[in-house]
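Novice: Contents are compact mmCIF, N, CA and C atoms; file name structure-v3.txt:
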# COMPACT_ATOMS: atom_id res chain seq x y z
N MET F 1 106.82 108.70 85.57
CA MET F 1 105.89 107.79 86.20
C MET F 1 104.55 108.48 86.48
N LYS F 2 104.62 109.75 86.97
CA LYS F 2 103.40 110.49 87.27
C LYS F 2 102.59 110.74 86.00
N LYS F 3 103.28 111.01 84.89
CA LYS F 3 102.59 111.27 83.63
C LYS F 3 101.86 110.02 83.15
N ILE F 4 102.49 108.88 83.31
CA ILE F 4 101.86 107.61 82.90
C ILE F 4 100.63 107.33 83.75
N LEU F 5 100.75 107.54 85.04
CA LEU F 5 99.64 107.32 85.96
C LEU F 5 98.48 108.26 85.64
N LEU F 6 98.80 109.53 85.39
CA LEU F 6 97.77 110.51 85.04
C LEU F 6 97.10 110.13 83.73
N THR F 7 97.87 109.72 82.75
CA THR F 7 97.32 109.31 81.46
C THR F 7 96.40 108.11 81.62
N LEU F 8 96.82 107.12 82.37
CA LEU F 8 95.98 105.93 82.60
C LEU F 8 94.69 106.28 83.34
N THR F 9 94.79 107.16 84.31
CA THR F 9 93.60 107.60 85.05
C THR F 9 92.63 108.30 84.12
N LEU F 10 93.13 109.19 83.28
CA LEU F 10 92.27 109.90 82.33
C LEU F 10 91.63 108.93 81.33
N LEU F 11 92.37 107.97 80.87
CA LEU F 11 91.83 107.00 79.92
C LEU F 11 90.72 106.16 80.55
N ILE F 12 90.92 105.75 81.78
CA ILE F 12 89.90 104.97 82.49
C ILE F 12 88.65 105.82 82.69
N PHE F 13 88.84 107.09 83.07
CA PHE F 13 87.71 108.00 83.26
C PHE F 13 86.96 108.20 81.95
N LEU F 14 87.69 108.46 80.88
CA LEU F 14 87.06 108.70 79.58
C LEU F 14 86.37 107.46 79.03
N ALA F 15 86.85 106.29 79.38
CA ALA F 15 86.21 105.06 78.91
C ALA F 15 84.81 104.94 79.48
N GLY F 16 84.57 105.50 80.65
CA GLY F 16 83.25 105.46 81.27
C GLY F 16 82.35 106.57 80.80
N CYS F 17 82.87 107.52 80.04
CA CYS F 17 82.09 108.65 79.56
C CYS F 17 81.37 108.31 78.27
N ASP F 18 80.31 109.05 78.01
CA ASP F 18 79.57 108.91 76.77
C ASP F 18 80.24 109.80 75.73
N ILE F 19 81.01 109.22 74.86
CA ILE F 19 81.78 109.97 73.87
C ILE F 19 80.85 110.66 72.87
N GLU F 20 79.68 110.10 72.67
CA GLU F 20 78.70 110.65 71.73
C GLU F 20 78.06 111.93 72.27
N ASN F 21 78.07 112.10 73.59
CA ASN F 21 77.41 113.23 74.24
C ASN F 21 78.41 114.36 74.46
N PRO F 22 78.19 115.54 73.83
CA PRO F 22 79.14 116.64 74.00
C PRO F 22 79.01 117.35 75.35
N GLY F 23 77.94 117.07 76.09
CA GLY F 23 77.71 117.72 77.38
C GLY F 23 77.07 119.07 77.22
N GLY F 24 76.76 119.70 78.33
CA GLY F 24 76.08 120.99 78.31
C GLY F 24 74.60 120.82 78.00
N VAL F 25 73.91 121.93 77.89
CA VAL F 25 72.49 121.90 77.56
C VAL F 25 72.36 121.55 76.08
N LEU F 26 71.56 120.54 75.81
CA LEU F 26 71.33 120.09 74.44
C LEU F 26 69.87 120.28 74.07
N THR F 27 69.61 120.69 72.84
CA THR F 27 68.24 120.77 72.36
C THR F 27 67.89 119.45 71.69
N ASN F 28 66.62 119.27 71.38
CA ASN F 28 66.12 117.99 70.88
C ASN F 28 66.96 117.41 69.75
N ASN F 29 67.29 118.21 68.78
CA ASN F 29 68.03 117.70 67.61
C ASN F 29 69.49 117.37 67.91
N GLN F 30 69.98 117.75 69.08
CA GLN F 30 71.37 117.48 69.46
C GLN F 30 71.51 116.25 70.35
N LEU F 31 70.41 115.64 70.75
CA LEU F 31 70.46 114.52 71.69
C LEU F 31 71.12 113.30 71.07
N PRO F 32 72.13 112.75 71.72
CA PRO F 32 72.73 111.52 71.21
C PRO F 32 71.80 110.33 71.47
N THR F 33 71.97 109.31 70.71
CA THR F 33 71.15 108.10 70.83
C THR F 33 71.20 107.54 72.24
N SER F 34 72.35 107.62 72.89
CA SER F 34 72.48 107.07 74.25
C SER F 34 71.53 107.75 75.23
N VAL F 35 71.31 109.05 75.09
CA VAL F 35 70.40 109.78 75.96
C VAL F 35 68.96 109.36 75.69
N ILE F 36 68.60 109.28 74.43
CA ILE F 36 67.23 108.88 74.05
C ILE F 36 66.93 107.47 74.55
N GLU F 37 67.88 106.57 74.38
CA GLU F 37 67.69 105.20 74.85
C GLU F 37 67.57 105.14 76.37
N PHE F 38 68.36 105.92 77.08
CA PHE F 38 68.30 105.95 78.55
C PHE F 38 66.93 106.45 79.01
N ILE F 39 66.46 107.52 78.41
CA ILE F 39 65.16 108.11 78.79
C ILE F 39 64.03 107.12 78.50
N ASP F 40 64.10 106.43 77.38
CA ASP F 40 63.09 105.41 77.06
C ASP F 40 63.15 104.24 78.04
N GLU F 41 64.35 103.79 78.33
CA GLU F 41 64.54 102.64 79.24
C GLU F 41 64.02 102.93 80.64
N LYS F 42 64.20 104.15 81.11
CA LYS F 42 63.79 104.52 82.47
C LYS F 42 62.35 105.05 82.53
N ASN F 43 61.67 105.10 81.38
CA ASN F 43 60.29 105.58 81.30
C ASN F 43 60.12 106.96 81.96
N ILE F 44 61.00 107.86 81.61
CA ILE F 44 60.99 109.19 82.20
C ILE F 44 59.89 110.06 81.58
N LEU F 45 59.65 109.91 80.31
CA LEU F 45 58.67 110.74 79.62
C LEU F 45 57.33 110.04 79.48
N ASP F 46 56.28 110.86 79.45
CA ASP F 46 54.95 110.36 79.14
C ASP F 46 54.68 110.70 77.68
N ASP F 47 53.57 111.27 77.39
CA ASP F 47 53.23 111.68 76.03
C ASP F 47 53.74 113.11 75.82
N GLU F 48 55.05 113.24 75.65
CA GLU F 48 55.69 114.55 75.54
C GLU F 48 57.00 114.40 74.79
N TYR F 49 57.57 115.53 74.39
CA TYR F 49 58.86 115.49 73.70
C TYR F 49 59.84 116.45 74.37
N ILE F 50 61.11 116.16 74.21
CA ILE F 50 62.18 116.93 74.85
C ILE F 50 62.45 118.22 74.08
N ILE F 51 62.58 119.30 74.83
CA ILE F 51 62.97 120.59 74.27
C ILE F 51 64.43 120.87 74.62
N ALA F 52 64.79 120.60 75.88
CA ALA F 52 66.18 120.81 76.34
C ALA F 52 66.54 119.73 77.35
N TYR F 53 67.81 119.37 77.33
CA TYR F 53 68.31 118.30 78.21
C TYR F 53 69.67 118.71 78.75
N TYR F 54 69.89 118.45 80.04
CA TYR F 54 71.19 118.73 80.65
C TYR F 54 71.57 117.58 81.57
N ASP F 55 72.70 116.97 81.31
CA ASP F 55 73.24 115.91 82.16
C ASP F 55 74.16 116.57 83.18
N ALA F 56 73.81 116.45 84.45
CA ALA F 56 74.56 117.12 85.52
C ALA F 56 75.78 116.35 85.99
N THR F 57 76.03 115.19 85.42
CA THR F 57 77.17 114.38 85.86
C THR F 57 78.43 114.70 85.06
N ILE F 58 79.57 114.52 85.68
CA ILE F 58 80.84 114.73 84.99
C ILE F 58 81.06 113.65 83.94
N SER F 59 80.64 112.43 84.24
CA SER F 59 80.85 111.31 83.32
C SER F 59 79.77 111.22 82.24
N LEU F 60 78.77 112.09 82.30
CA LEU F 60 77.68 112.10 81.32
C LEU F 60 76.99 110.74 81.22
N ASP F 61 76.67 110.16 82.39
CA ASP F 61 76.04 108.84 82.41
C ASP F 61 74.53 108.90 82.59
N ASN F 62 73.95 110.10 82.53
CA ASN F 62 72.50 110.33 82.60
C ASN F 62 71.90 110.07 83.98
N SER F 63 72.68 109.73 84.97
CA SER F 63 72.12 109.38 86.28
C SER F 63 71.55 110.59 87.03
N GLU F 64 71.89 111.79 86.60
CA GLU F 64 71.29 113.01 87.14
C GLU F 64 71.14 113.99 85.99
N SER F 65 69.89 114.34 85.70
CA SER F 65 69.67 115.22 84.57
C SER F 65 68.42 116.07 84.73
N ALA F 66 68.45 117.22 84.07
CA ALA F 66 67.31 118.12 84.00
C ALA F 66 66.77 118.05 82.58
N ILE F 67 65.46 117.91 82.48
CA ILE F 67 64.83 117.74 81.17
C ILE F 67 63.65 118.70 81.07
N LEU F 68 63.63 119.48 80.01
CA LEU F 68 62.49 120.34 79.72
C LEU F 68 61.74 119.72 78.56
N THR F 69 60.45 119.49 78.75
CA THR F 69 59.61 118.96 77.67
C THR F 69 58.54 119.99 77.35
N ASN F 70 57.70 119.67 76.39
CA ASN F 70 56.60 120.55 76.04
C ASN F 70 55.50 120.56 77.10
N LYS F 71 55.59 119.67 78.12
CA LYS F 71 54.57 119.60 79.16
C LYS F 71 55.11 119.75 80.58
N ASN F 72 56.36 119.39 80.81
CA ASN F 72 56.92 119.35 82.17
C ASN F 72 58.36 119.82 82.21
N VAL F 73 58.80 120.21 83.40
CA VAL F 73 60.22 120.30 83.69
C VAL F 73 60.47 119.11 84.63
N ILE F 74 61.49 118.34 84.30
CA ILE F 74 61.73 117.07 84.98
C ILE F 74 63.14 117.06 85.53
N TYR F 75 63.27 116.53 86.74
CA TYR F 75 64.60 116.29 87.30
C TYR F 75 64.70 114.81 87.61
N TYR F 76 65.68 114.17 87.02
CA TYR F 76 65.90 112.74 87.21
C TYR F 76 67.20 112.56 87.98
N LYS F 77 67.13 111.78 89.06
CA LYS F 77 68.35 111.51 89.83
C LYS F 77 68.29 110.10 90.39
N ASN F 78 69.17 109.25 89.88
CA ASN F 78 69.33 107.87 90.36
C ASN F 78 67.99 107.13 90.51
N GLY F 79 67.17 107.21 89.49
CA GLY F 79 65.90 106.49 89.48
C GLY F 79 64.71 107.28 89.98
N ARG F 80 64.94 108.40 90.60
CA ARG F 80 63.83 109.23 91.12
C ARG F 80 63.47 110.27 90.06
N ILE F 81 62.19 110.32 89.70
CA ILE F 81 61.70 111.25 88.69
C ILE F 81 60.81 112.29 89.37
N ILE F 82 61.20 113.55 89.25
CA ILE F 82 60.42 114.65 89.82
C ILE F 82 59.94 115.50 88.65
N LYS F 83 58.61 115.70 88.57
CA LYS F 83 58.04 116.48 87.47
C LYS F 83 57.22 117.63 88.00
N ILE F 84 57.36 118.76 87.35
CA ILE F 84 56.49 119.89 87.59
C ILE F 84 55.85 120.24 86.24
N PRO F 85 54.53 120.12 86.14
CA PRO F 85 53.87 120.52 84.89
C PRO F 85 54.11 122.01 84.62
N LEU F 86 54.35 122.35 83.37
CA LEU F 86 54.64 123.74 83.01
C LEU F 86 53.49 124.67 83.38
N ASN F 87 52.25 124.17 83.27
CA ASN F 87 51.11 125.03 83.58
C ASN F 87 50.87 125.19 85.08
N GLU F 88 51.71 124.57 85.90
CA GLU F 88 51.62 124.70 87.36
C GLU F 88 52.81 125.45 87.96
N ILE F 89 53.62 126.05 87.10
CA ILE F 89 54.77 126.81 87.59
C ILE F 89 54.33 128.22 87.95
N GLN F 90 54.60 128.57 89.19
CA GLN F 90 54.22 129.89 89.71
C GLN F 90 55.32 130.92 89.47
N ARG F 91 56.59 130.51 89.66
CA ARG F 91 57.69 131.46 89.56
C ARG F 91 58.97 130.75 89.12
N ILE F 92 59.76 131.47 88.32
CA ILE F 92 61.08 130.97 87.90
C ILE F 92 62.09 132.07 88.22
N GLU F 93 63.11 131.70 88.98
CA GLU F 93 64.17 132.64 89.32
C GLU F 93 65.51 132.00 88.98
N ASN F 94 66.52 132.81 88.85
CA ASN F 94 67.85 132.26 88.62
C ASN F 94 68.89 133.06 89.38
N GLU F 95 70.01 132.41 89.59
CA GLU F 95 71.13 133.01 90.33
C GLU F 95 72.41 132.52 89.68
N LYS F 96 73.32 133.45 89.48
CA LYS F 96 74.62 133.09 88.94
C LYS F 96 75.65 133.23 90.03
N GLY F 97 76.38 132.18 90.25
CA GLY F 97 77.46 132.17 91.21
C GLY F 97 78.54 131.27 90.64
N PHE F 98 79.02 130.37 91.46
CA PHE F 98 79.98 129.38 90.96
C PHE F 98 79.30 128.49 89.93
N PHE F 99 78.00 128.25 90.11
CA PHE F 99 77.16 127.53 89.16
C PHE F 99 76.02 128.45 88.75
N PHE F 100 75.29 128.04 87.73
CA PHE F 100 74.09 128.73 87.28
C PHE F 100 72.92 127.97 87.90
N TYR F 101 72.14 128.64 88.73
CA TYR F 101 71.02 127.98 89.41
C TYR F 101 69.70 128.47 88.84
N ILE F 102 68.78 127.54 88.62
CA ILE F 102 67.42 127.86 88.22
C ILE F 102 66.52 127.33 89.33
N TYR F 103 65.68 128.21 89.88
CA TYR F 103 64.75 127.83 90.94
C TYR F 103 63.34 127.88 90.38
N ILE F 104 62.64 126.76 90.47
CA ILE F 104 61.30 126.65 89.91
C ILE F 104 60.33 126.41 91.07
N THR F 105 59.39 127.34 91.23
CA THR F 105 58.40 127.24 92.30
C THR F 105 57.06 126.87 91.69
N PRO F 106 56.53 125.69 92.03
CA PRO F 106 55.21 125.31 91.52
C PRO F 106 54.10 125.92 92.38
N ILE F 107 52.88 125.88 91.87
CA ILE F 107 51.73 126.36 92.63
C ILE F 107 51.60 125.53 93.91
N ASN F 108 51.71 124.22 93.77
CA ASN F 108 51.67 123.30 94.92
C ASN F 108 52.88 122.39 94.84
N GLY F 109 53.53 122.19 95.95
CA GLY F 109 54.67 121.29 95.98
C GLY F 109 55.97 122.00 96.27
N PRO F 110 57.04 121.21 96.38
CA PRO F 110 58.34 121.78 96.75
C PRO F 110 59.05 122.46 95.58
N LEU F 111 59.94 123.34 95.93
CA LEU F 111 60.81 124.04 94.99
C LEU F 111 61.72 123.05 94.28
N MET F 112 61.96 123.26 93.00
CA MET F 112 62.93 122.46 92.24
C MET F 112 64.12 123.36 91.93
N THR F 113 65.32 122.86 92.20
CA THR F 113 66.54 123.58 91.88
C THR F 113 67.30 122.82 90.81
N ILE F 114 67.65 123.52 89.75
CA ILE F 114 68.48 122.94 88.69
C ILE F 114 69.81 123.67 88.72
N GLU F 115 70.88 122.92 88.88
CA GLU F 115 72.23 123.47 88.96
C GLU F 115 72.96 123.11 87.66
N ILE F 116 73.40 124.14 86.95
CA ILE F 116 74.07 123.93 85.67
C ILE F 116 75.46 124.57 85.74
N ALA F 117 76.47 123.82 85.35
CA ALA F 117 77.84 124.33 85.37
C ALA F 117 77.96 125.53 84.44
N HIS F 118 78.85 126.46 84.82
CA HIS F 118 79.07 127.65 84.00
C HIS F 118 79.50 127.28 82.58
N PHE F 119 79.09 128.11 81.66
CA PHE F 119 79.47 128.00 80.25
C PHE F 119 79.00 126.70 79.61
N THR F 120 77.92 126.12 80.14
CA THR F 120 77.39 124.90 79.53
C THR F 120 75.93 125.06 79.11
N GLY F 121 75.45 126.29 79.04
CA GLY F 121 74.12 126.53 78.49
C GLY F 121 73.01 126.79 79.49
N GLY F 122 73.34 127.21 80.69
CA GLY F 122 72.31 127.52 81.68
C GLY F 122 71.32 128.57 81.19
N ASP F 123 71.83 129.60 80.52
CA ASP F 123 70.97 130.66 79.98
C ASP F 123 70.00 130.09 78.94
N LEU F 124 70.47 129.18 78.12
CA LEU F 124 69.63 128.55 77.11
C LEU F 124 68.50 127.76 77.76
N PHE F 125 68.83 126.95 78.75
CA PHE F 125 67.81 126.16 79.44
C PHE F 125 66.77 127.10 80.07
N LEU F 126 67.23 128.15 80.73
CA LEU F 126 66.33 129.11 81.37
C LEU F 126 65.44 129.80 80.35
N ASP F 127 66.00 130.26 79.25
CA ASP F 127 65.21 130.93 78.20
C ASP F 127 64.15 130.00 77.62
N LEU F 128 64.53 128.77 77.32
CA LEU F 128 63.57 127.82 76.76
C LEU F 128 62.47 127.49 77.77
N LEU F 129 62.84 127.36 79.04
CA LEU F 129 61.86 127.10 80.10
C LEU F 129 60.86 128.24 80.18
N ARG F 130 61.34 129.46 80.21
CA ARG F 130 60.44 130.62 80.31
C ARG F 130 59.52 130.70 79.10
N LYS F 131 60.02 130.42 77.91
CA LYS F 131 59.19 130.45 76.70
C LYS F 131 58.09 129.40 76.76
N GLU F 132 58.44 128.22 77.22
CA GLU F 132 57.44 127.14 77.29
C GLU F 132 56.38 127.43 78.34
N VAL F 133 56.76 128.04 79.45
CA VAL F 133 55.79 128.36 80.49
C VAL F 133 54.80 129.42 80.01
N LYS F 134 55.25 130.35 79.17
CA LYS F 134 54.38 131.41 78.64
C LYS F 134 53.34 130.87 77.66
N ARG F 135 53.59 129.72 77.04
CA ARG F 135 52.67 129.19 76.02
C ARG F 135 51.35 128.82 76.59
Rewrite the structure of this file - the entire thing - as structure tokens.
Specialist:
Amino acid sequence: MKKILLTLTLLIFLAGCDIENPGGVLTNNQLPTSVIEFIDEKNILDDEYIIAYYDATISLDNSESAILTNKNVIYYKNGRIIKIPLNEIQRIENEKGFFFYIYITPINGPLMTIEIAHFTGGDLFLDLLRKEVKR
């Protein structure tokens, strides 16, 4: 009985997941159509393109995500869009613990924290962010 209940619970959970999205940090060419459509629908981007994308949700429903573009680092959470222009980033730090944390300090404004689960590409997101800021 427990096995059947567990199986049904997992199936219900997986039905709500984006099967097309493998999760972790994705680069532009790896983005599934569902992510592109979500970003377009929510008008998250201006005149820019995605370099790296990370969905912070377990169900991969895009409701909380970190996005690196050629112009901004963006944090989207439940309709709220927070952008820091790359040319206004003063400092980037990171910390590895239970999660991989990226701390972005802008010249003006509040600190942005990006939390990425272990083994899902936090180093990649950080490396790409640092490269874009240097440009």
Novice: I need the residues of chain F that end up classed as strand (DSSP E) by DSSP on the backbone, written out as an mmCIF file with N, CA and C atoms, in the frame of the given file.
Specialist:
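Below is the file that was written, part15.cif:
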data_model
loop_
_atom_site.group_PDB
_atom_site.id
_atom_site.type_symbol
_atom_site.label_atom_id
_atom_site.label_comp_id
_atom_site.auth_asym_id
_atom_site.auth_seq_id
_atom_site.Cartn_x
_atom_site.Cartn_y
_atom_site.Cartn_z
ATOM 1 N N LEU F 26 71.560 120.540 75.810
ATOM 2 C CA LEU F 26 71.330 120.090 74.440
ATOM 3 C C LEU F 26 69.870 120.280 74.070
ATOM 4 N N THR F 27 69.610 120.690 72.840
ATOM 5 C CA THR F 27 68.240 120.770 72.360
ATOM 6 C C THR F 27 67.890 119.450 71.690
ATOM 7 N N ILE F 50 61.110 116.160 74.210
ATOM 8 C CA ILE F 50 62.180 116.930 74.850
ATOM 9 C C ILE F 50 62.450 118.220 74.080
ATOM 10 N N ILE F 51 62.580 119.300 74.830
ATOM 11 C CA ILE F 51 62.970 120.590 74.270
ATOM 12 C C ILE F 51 64.430 120.870 74.620
ATOM 13 N N ALA F 52 64.790 120.600 75.880
ATOM 14 C CA ALA F 52 66.180 120.810 76.340
ATOM 15 C C ALA F 52 66.540 119.730 77.350
ATOM 16 N N TYR F 53 67.810 119.370 77.330
ATOM 17 C CA TYR F 53 68.310 118.300 78.210
ATOM 18 C C TYR F 53 69.670 118.710 78.750
ATOM 19 N N TYR F 54 69.890 118.450 80.040
ATOM 20 C CA TYR F 54 71.190 118.730 80.650
ATOM 21 C C TYR F 54 71.570 117.580 81.570
ATOM 22 N N ASP F 55 72.700 116.970 81.310
ATOM 23 C CA ASP F 55 73.240 115.910 82.160
ATOM 24 C C ASP F 55 74.160 116.570 83.180
ATOM 25 N N GLU F 64 71.890 111.790 86.600
ATOM 26 C CA GLU F 64 71.290 113.010 87.140
ATOM 27 C C GLU F 64 71.140 113.990 85.990
ATOM 28 N N SER F 65 69.890 114.340 85.700
ATOM 29 C CA SER F 65 69.670 115.220 84.570
ATOM 30 C C SER F 65 68.420 116.070 84.730
ATOM 31 N N ALA F 66 68.450 117.220 84.070
ATOM 32 C CA ALA F 66 67.310 118.120 84.000
ATOM 33 C C ALA F 66 66.770 118.050 82.580
ATOM 34 N N ILE F 67 65.460 117.910 82.480
ATOM 35 C CA ILE F 67 64.830 117.740 81.170
ATOM 36 C C ILE F 67 63.650 118.700 81.070
ATOM 37 N N LEU F 68 63.630 119.480 80.010
ATOM 38 C CA LEU F 68 62.490 120.340 79.720
ATOM 39 C C LEU F 68 61.740 119.720 78.560
ATOM 40 N N THR F 69 60.450 119.490 78.750
ATOM 41 C CA THR F 69 59.610 118.960 77.670
ATOM 42 C C THR F 69 58.540 119.990 77.350
ATOM 43 N N ASN F 72 56.360 119.390 80.810
ATOM 44 C CA ASN F 72 56.920 119.350 82.170
ATOM 45 C C ASN F 72 58.360 119.820 82.210
ATOM 46 N N VAL F 73 58.800 120.210 83.400
ATOM 47 C CA VAL F 73 60.220 120.300 83.690
ATOM 48 C C VAL F 73 60.470 119.110 84.630
ATOM 49 N N ILE F 74 61.490 118.340 84.300
ATOM 50 C CA ILE F 74 61.730 117.070 84.980
ATOM 51 C C ILE F 74 63.140 117.060 85.530
ATOM 52 N N TYR F 75 63.270 116.530 86.740
ATOM 53 C CA TYR F 75 64.600 116.290 87.300
ATOM 54 C C TYR F 75 64.700 114.810 87.610
ATOM 55 N N TYR F 76 65.680 114.170 87.020
ATOM 56 C CA TYR F 76 65.900 112.740 87.210
ATOM 57 C C TYR F 76 67.200 112.560 87.980
ATOM 58 N N LYS F 77 67.130 111.780 89.060
ATOM 59 C CA LYS F 77 68.350 111.510 89.830
ATOM 60 C C LYS F 77 68.290 110.100 90.390
ATOM 61 N N ARG F 80 64.940 108.400 90.600
ATOM 62 C CA ARG F 80 63.830 109.230 91.120
ATOM 63 C C ARG F 80 63.470 110.270 90.060
ATOM 64 N N ILE F 81 62.190 110.320 89.700
ATOM 65 C CA ILE F 81 61.700 111.250 88.690
ATOM 66 C C ILE F 81 60.810 112.290 89.370
ATOM 67 N N ILE F 82 61.200 113.550 89.250
ATOM 68 C CA ILE F 82 60.420 114.650 89.820
ATOM 69 C C ILE F 82 59.940 115.500 88.650
ATOM 70 N N LYS F 83 58.610 115.700 88.570
ATOM 71 C CA LYS F 83 58.040 116.480 87.470
ATOM 72 C C LYS F 83 57.220 117.630 88.000
ATOM 73 N N ILE F 84 57.360 118.760 87.350
ATOM 74 C CA ILE F 84 56.490 119.890 87.590
ATOM 75 C C ILE F 84 55.850 120.240 86.240
ATOM 76 N N PRO F 85 54.530 120.120 86.140
ATOM 77 C CA PRO F 85 53.870 120.520 84.890
ATOM 78 C C PRO F 85 54.110 122.010 84.620
ATOM 79 N N ILE F 89 53.620 126.050 87.100
ATOM 80 C CA ILE F 89 54.770 126.810 87.590
ATOM 81 C C ILE F 89 54.330 128.220 87.950
ATOM 82 N N GLN F 90 54.600 128.570 89.190
ATOM 83 C CA GLN F 90 54.220 129.890 89.710
ATOM 84 C C GLN F 90 55.320 130.920 89.470
ATOM 85 N N ARG F 91 56.590 130.510 89.660
ATOM 86 C CA ARG F 91 57.690 131.460 89.560
ATOM 87 C C ARG F 91 58.970 130.750 89.120
ATOM 88 N N ILE F 92 59.760 131.470 88.320
ATOM 89 C CA ILE F 92 61.080 130.970 87.900
ATOM 90 C C ILE F 92 62.090 132.070 88.220
ATOM 91 N N GLU F 93 63.110 131.700 88.980
ATOM 92 C CA GLU F 93 64.170 132.640 89.320
ATOM 93 C C GLU F 93 65.510 132.000 88.980
ATOM 94 N N ASN F 94 66.520 132.810 88.850
ATOM 95 C CA ASN F 94 67.850 132.260 88.620
ATOM 96 C C ASN F 94 68.890 133.060 89.380
ATOM 97 N N GLU F 95 70.010 132.410 89.590
ATOM 98 C CA GLU F 95 71.130 133.010 90.330
ATOM 99 C C GLU F 95 72.410 132.520 89.680
ATOM 100 N N LYS F 96 73.320 133.450 89.480
ATOM 101 C CA LYS F 96 74.620 133.090 88.940
ATOM 102 C C LYS F 96 75.650 133.230 90.030
ATOM 103 N N PHE F 99 78.000 128.250 90.110
ATOM 104 C CA PHE F 99 77.160 127.530 89.160
ATOM 105 C C PHE F 99 76.020 128.450 88.750
ATOM 106 N N PHE F 100 75.290 128.040 87.730
ATOM 107 C CA PHE F 100 74.090 128.730 87.280
ATOM 108 C C PHE F 100 72.920 127.970 87.900
ATOM 109 N N TYR F 101 72.140 128.640 88.730
ATOM 110 C CA TYR F 101 71.020 127.980 89.410
ATOM 111 C C TYR F 101 69.700 128.470 88.840
ATOM 112 N N ILE F 102 68.780 127.540 88.620
ATOM 113 C CA ILE F 102 67.420 127.860 88.220
ATOM 114 C C ILE F 102 66.520 127.330 89.330
ATOM 115 N N TYR F 103 65.680 128.210 89.880
ATOM 116 C CA TYR F 103 64.750 127.830 90.940
ATOM 117 C C TYR F 103 63.340 127.880 90.380
ATOM 118 N N ILE F 104 62.640 126.760 90.470
ATOM 119 C CA ILE F 104 61.300 126.650 89.910
ATOM 120 C C ILE F 104 60.330 126.410 91.070
ATOM 121 N N THR F 105 59.390 127.340 91.230
ATOM 122 C CA THR F 105 58.400 127.240 92.300
ATOM 123 C C THR F 105 57.060 126.870 91.690
ATOM 124 N N PRO F 106 56.530 125.690 92.030
ATOM 125 C CA PRO F 106 55.210 125.310 91.520
ATOM 126 C C PRO F 106 54.100 125.920 92.380
ATOM 127 N N MET F 112 61.960 123.260 93.000
ATOM 128 C CA MET F 112 62.930 122.460 92.240
ATOM 129 C C MET F 112 64.120 123.360 91.930
ATOM 130 N N THR F 113 65.320 122.860 92.200
ATOM 131 C CA THR F 113 66.540 123.580 91.880
ATOM 132 C C THR F 113 67.300 122.820 90.810
ATOM 133 N N ILE F 114 67.650 123.520 89.750
ATOM 134 C CA ILE F 114 68.480 122.940 88.690
ATOM 135 C C ILE F 114 69.810 123.670 88.720
ATOM 136 N N GLU F 115 70.880 122.920 88.880
ATOM 137 C CA GLU F 115 72.230 123.470 88.960
ATOM 138 C C GLU F 115 72.960 123.110 87.660
ATOM 139 N N ILE F 116 73.400 124.140 86.950
ATOM 140 C CA ILE F 116 74.070 123.930 85.670
ATOM 141 C C ILE F 116 75.460 124.570 85.740
ATOM 142 N N ALA F 117 76.470 123.820 85.350
ATOM 143 C CA ALA F 117 77.840 124.330 85.370
ATOM 144 C C ALA F 117 77.960 125.530 84.440
#
Novice: Would you mind telling me which residue in F:Phe119, F:Lys134, F:Lys96, F:Leu129 lies nearest to Thr69 in chain F when using all atoms listed in the file?
Specialist: F:Leu129
Novice: Go ahead and compute the interatomic distance for atom C of Leu126 in chain F and atom N of Thr33 in chain F, in Å to one decimal.
Specialist: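 Separation of atom C of Leu126 in chain F and atom N of Thr33 in chain F: 23.6 Å.
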Novice: Report, as JSON, the centre and edge lengths in Å (one decimal) of the axis-aligned box enclosing every listed atom of range 28-34 of chain F, padded by 4 Å on each side.
Specialist:
{"center_x": 69.4, "center_y": 113.2, "center_z": 71.4, "size_x": 14.6, "size_y": 20.2, "size_z": 15.6}
Novice: DSSP on the backbone: what in chain F comes out helix (DSSP H, G or I), as an MDAnalysis selection string?
Specialist: chainID F and resid 2:15 28:30 33:41 86:88 122:134
Novice: Quick one: of F:Thr113, F:Thr105, F:Asn70, F:Asn94, who's nearest to Val133 in chain F, counting all atoms listed in the file?
Specialist: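 Comparing F:Thr113, F:Thr105, F:Asn70, F:Asn94 against Val133 in chain F, the winner is F:Asn70.
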Novice: Please identify all polymer residues within 8 Å of Phe125 in chain F, counting only C-alpha atoms, omitting same-chain residues fewer than 5 positions from it, and present them as a ChimeraX atom specification.
Specialist: /F:25,52-53,68
Novice: Go ahead and compute the interatomic distance for CA of Gly79 in chain F and atom C of Ala117 in chain F, in Å to one decimal.
Specialist: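 CA of Gly79 in chain F sits 23.1 Å away from atom C of Ala117 in chain F.
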Novice: For CA of Asn87 in chain F and CA of Asn72 in chain F, determine how far apart the two atoms are, in Å to one decimal place.
Specialist: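 That distance, rounded to one decimal, is 8.2 Å.
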Novice: Go through F:Ile39, F:Leu45, F:Ile114, F:Ile92 one by one, measure the shortest atom-to-atom distance of each to Ala66 in chain F using all atoms listed in the file, and give the residue with the smallest value.
Specialist: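 Checking each of F:Ile39, F:Leu45, F:Ile114, F:Ile92 against Ala66 in chain F, counting all atoms listed in the file, the winner is F:Ile114.
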Novice: With all atoms listed in the file as the counted atoms, please give the residues lying no more than 7 Å from Asp55 in chain F, apart from itself and same-chain residues fewer than 5 positions off, as a PyMOL selection string.
Specialist: chain F and resi 23-26+60-66
Novice: Which residues are close to Phe98 in chain F, i.e. within 10 Å by only C-alpha atoms, leaving aside same-chain residues fewer than 2 positions away? Reply as a list in words.
Specialist: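 Surrounding residues, per the criterion: Glu95, Lys96, Phe100, Tyr101, Glu115, Ile116, Ala117 and His118 of chain F.
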Novice: If you count all atoms listed in the file, which residues fall within 6 Å of Pro85 in chain F, apart from same-chain ones fewer than 2 positions away, as a ChimeraX atom specification?
Specialist: /F:71-73,83,87-89
Novice: Looking at only N, CA and C atoms, which of F:Arg91, F:Asp46, F:Leu86, F:Met112 is the one that sits closest to Glu132 in chain F?
Specialist: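 Among F:Arg91, F:Asp46, F:Leu86, F:Met112, it is F:Leu86 that comes nearest to Glu132 in chain F.
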Novice: Please determine, counting only C-alpha atoms, which residue among F:Ile107, F:Ile51, F:Leu31, F:Ile44 has the shortest atom-to-atom distance to Arg130 in chain F.
Specialist: F:Ile51
